[in-house]
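Asks: Provided herewith is a single structure, encoded as structure tokens, for subsequent inquiry.
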Amino acid sequence: MPAQPESPPPAASAPGGRQPLPWQLVLTFGLGVLSVVALILAWQGQGKLKDMERELVRRQAGSQSEASEARALARESQDLSRDSAAKIALLEARLAEVALQRGQLEELIQSMSRSRDENVIGDIEASIRVAMQQSSITGSAEPLVATLRQADERLQRYKQPRLDGVRRAVARDLDRVKAISVADVSTLTIKLDEVVRLLDELPLLVSADKSIEQQAARQRRNERAVSAAAPAPVAASGDWWDQAQRRWHDLVGQVWTEAKSLLRVTRIEHPEAMLLAPDQTFFLRENAKLRLLNARLALLSRQFETAQTDLRDTLSILDRYFDGRSRKVQAANELLRQVAGQARQVNVPRPDDTLAALAAAGAGR
């Protein structure tokens, strides 16, 4: 503690010779005590202020460390949340895959658990629809007829009373489809190819007449050669008249034969056929071939009217320029008439009875 101030020495004497009053002493002493107390309080306050400052510094350091830890924990929580989100997305994808596999497995189980009747009905209906598409594309009833026959045979082996109505419907549709005469394009094209091959061998009217003349001339030459090669009989002296008559008759016969060969009467339906030049026969045959090839392409493309036109033109060419007495020409005419008679547009009927019976059998399971 600070040393207390010494009391002032007593005044020797006041002016006029008077002593100081006691209350002044007391006041002076009180002021000194108050000063000492104030100093003590100030010192204590200073110490508490320093303690508070140290506490504030310590708490600030603690809050900073806690903030750092909080930031680290926040970063860790963000990383953890990202990892959790990725894992959740992966789990959802796997869950969706499992659900899809489960659906497929259920469909497989349902398809395996279907009855045999449903399998038969489904197979027959699918095969009939495919055959209908093939018939519409090719224009032939053979795919549909074959499919209906296979369906009838399968139902007959199956022997299920529940499907008797389907079998009766198949039989009705089969009879209805078989009753339709559909053009067999493949057979018709083969016949046209045969006619094209025969065109180079068909005799023309001009060449036929020339061949007849050559044959008659050849026959006359053979007769003369035979008569010349025959030995003359040795006649007696009294038979010279008979021998002269015989020679006269032979001479008259030869003259008459030669005279007949100079004039020949032939009936010609188309005079322009006899006016055909030899170098034009090649183009005539090629023109007929082109018309037949056009008819073949028209048949393959299902254009039966165009094919009929080309066939009529080809028949007209054969009747006008070719020898109708030849067997090859007659065979070519017959083939062309068969093709023209069968090349007709016919729609293949739909097996509606069979499809309706299959639908009714499938709905009544």
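Numbering starts fresh at 1 for the residues of each chain in the structure tokens, the chains themselves are lettered A, B, ... in the order given, and ligands are numbered from 1 as they appear.
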Quick check for you: according to DSSP on this backbone, which residues of region 274-309 of chain A are classed as helix (DSSP H, G or I)? Reply as a PDB file with C-alpha atoms, in the first residue's frame.
Replies:
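Result went into part-v7.pdb, see below:
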```
ATOM      1  CA  PRO A 278     -36.937 -62.405-147.016  1.00  0.00           C
ATOM      2  CA  ASP A 279     -34.909 -59.845-145.046  1.00  0.00           C
ATOM      3  CA  GLN A 280     -38.038 -58.812-143.105  1.00  0.00           C
ATOM      4  CA  THR A 281     -38.686 -62.255-141.642  1.00  0.00           C
ATOM      5  CA  PHE A 282     -36.004 -61.682-138.991  1.00  0.00           C
ATOM      6  CA  PHE A 283     -37.667 -58.479-137.775  1.00  0.00           C
ATOM      7  CA  LEU A 284     -41.073 -60.165-137.843  1.00  0.00           C
ATOM      8  CA  ARG A 285     -39.874 -62.923-135.523  1.00  0.00           C
ATOM      9  CA  GLU A 286     -38.103 -60.433-133.232  1.00  0.00           C
ATOM     10  CA  ASN A 287     -41.228 -58.279-133.027  1.00  0.00           C
ATOM     11  CA  ALA A 288     -43.267 -61.304-131.971  1.00  0.00           C
ATOM     12  CA  LYS A 289     -40.631 -62.167-129.341  1.00  0.00           C
ATOM     13  CA  LEU A 290     -40.712 -58.625-127.936  1.00  0.00           C
ATOM     14  CA  ARG A 291     -44.487 -58.777-127.587  1.00  0.00           C
ATOM     15  CA  LEU A 292     -44.250 -62.086-125.772  1.00  0.00           C
ATOM     16  CA  LEU A 293     -41.578 -60.705-123.428  1.00  0.00           C
ATOM     17  CA  ASN A 294     -43.792 -57.688-122.716  1.00  0.00           C
ATOM     18  CA  ALA A 295     -46.648 -60.052-121.924  1.00  0.00           C
ATOM     19  CA  ARG A 296     -44.351 -61.997-119.593  1.00  0.00           C
ATOM     20  CA  LEU A 297     -43.350 -58.846-117.708  1.00  0.00           C
ATOM     21  CA  ALA A 298     -46.997 -57.785-117.477  1.00  0.00           C
ATOM     22  CA  LEU A 299     -47.917 -61.156-115.964  1.00  0.00           C
ATOM     23  CA  LEU A 300     -45.133 -60.897-113.401  1.00  0.00           C
ATOM     24  CA  PHE A 304     -53.290 -58.748-116.900  1.00  0.00           C
ATOM     25  CA  GLU A 305     -54.935 -56.282-119.321  1.00  0.00           C
ATOM     26  CA  THR A 306     -51.564 -55.351-120.828  1.00  0.00           C
ATOM     27  CA  ALA A 307     -50.656 -59.022-121.091  1.00  0.00           C
ATOM     28  CA  GLN A 308     -53.945 -59.782-122.877  1.00  0.00           C
ATOM     29  CA  THR A 309     -53.257 -57.039-125.423  1.00  0.00           C
TER      30      THR A 309
END
```
Asks: Find the residues around Leu318 (chain A) up to 9 Å (only C-alpha atoms counted), leave out those fewer than 6 positions away in its own chain, and share them as a compact mmCIF listing (two decimals) with N, CA and C atoms, in the first residue's frame.
Replies:
```txt
# COMPACT_ATOMS: atom_id res chain seq x y z
N LEU A 204 -42.92 -69.78 -142.11
CA LEU A 204 -43.75 -68.70 -142.64
C LEU A 204 -44.55 -69.19 -143.85
N ALA A 288 -42.41 -60.37 -132.72
CA ALA A 288 -43.27 -61.30 -131.97
C ALA A 288 -42.63 -61.68 -130.63
N GLY A 324 -50.34 -71.98 -140.85
CA GLY A 324 -51.20 -72.63 -139.86
C GLY A 324 -51.29 -74.12 -140.00
N VAL A 329 -46.68 -74.45 -135.45
CA VAL A 329 -47.50 -73.23 -135.37
C VAL A 329 -48.77 -73.51 -134.60
N ALA A 332 -47.87 -73.57 -130.91
CA ALA A 332 -47.65 -72.22 -130.38
C ALA A 332 -48.97 -71.49 -130.18
N ASN A 333 -49.91 -71.65 -131.14
CA ASN A 333 -51.22 -71.02 -131.00
C ASN A 333 -51.96 -71.57 -129.78
```
Asks: How many Å separate CA of Asp152 (chain A) from CA of Asp353 (chain A)?
Replies: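 Going from CA of Asp152 (chain A) over to CA of Asp353 (chain A), I get 13.6 Å.
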Asks: Identify, on the basis of only C-alpha atoms, every residue whose closest approach to Ile137 (chain A) does not exceed 12 Å; exclude the query and any residue fewer than 4 positions from it along the same chain; express the result as a list in words.
Replies: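 Listed by chain and then number, they are Val130, Ala131, Met132, Gln133, Ala141, Glu142, Pro143, Leu144, Leu300, Ser301, Arg302, Asn347 and Val348 of chain A.
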Asks: Could you tell me which of A:Leu336, A:Ala343, A:Ile40, A:Ala99 comes closest to Val195 (chain A) if we count only C-alpha atoms?
Replies: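 Closest to Val195 (chain A) of all the choices is A:Leu336.
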Asks: How many Å separate CA of Gln342 (chain A) from CA of Pro203 (chain A)?
Replies: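 Computed distance, CA of Gln342 (chain A) to CA of Pro203 (chain A), equals 27.0 Å.
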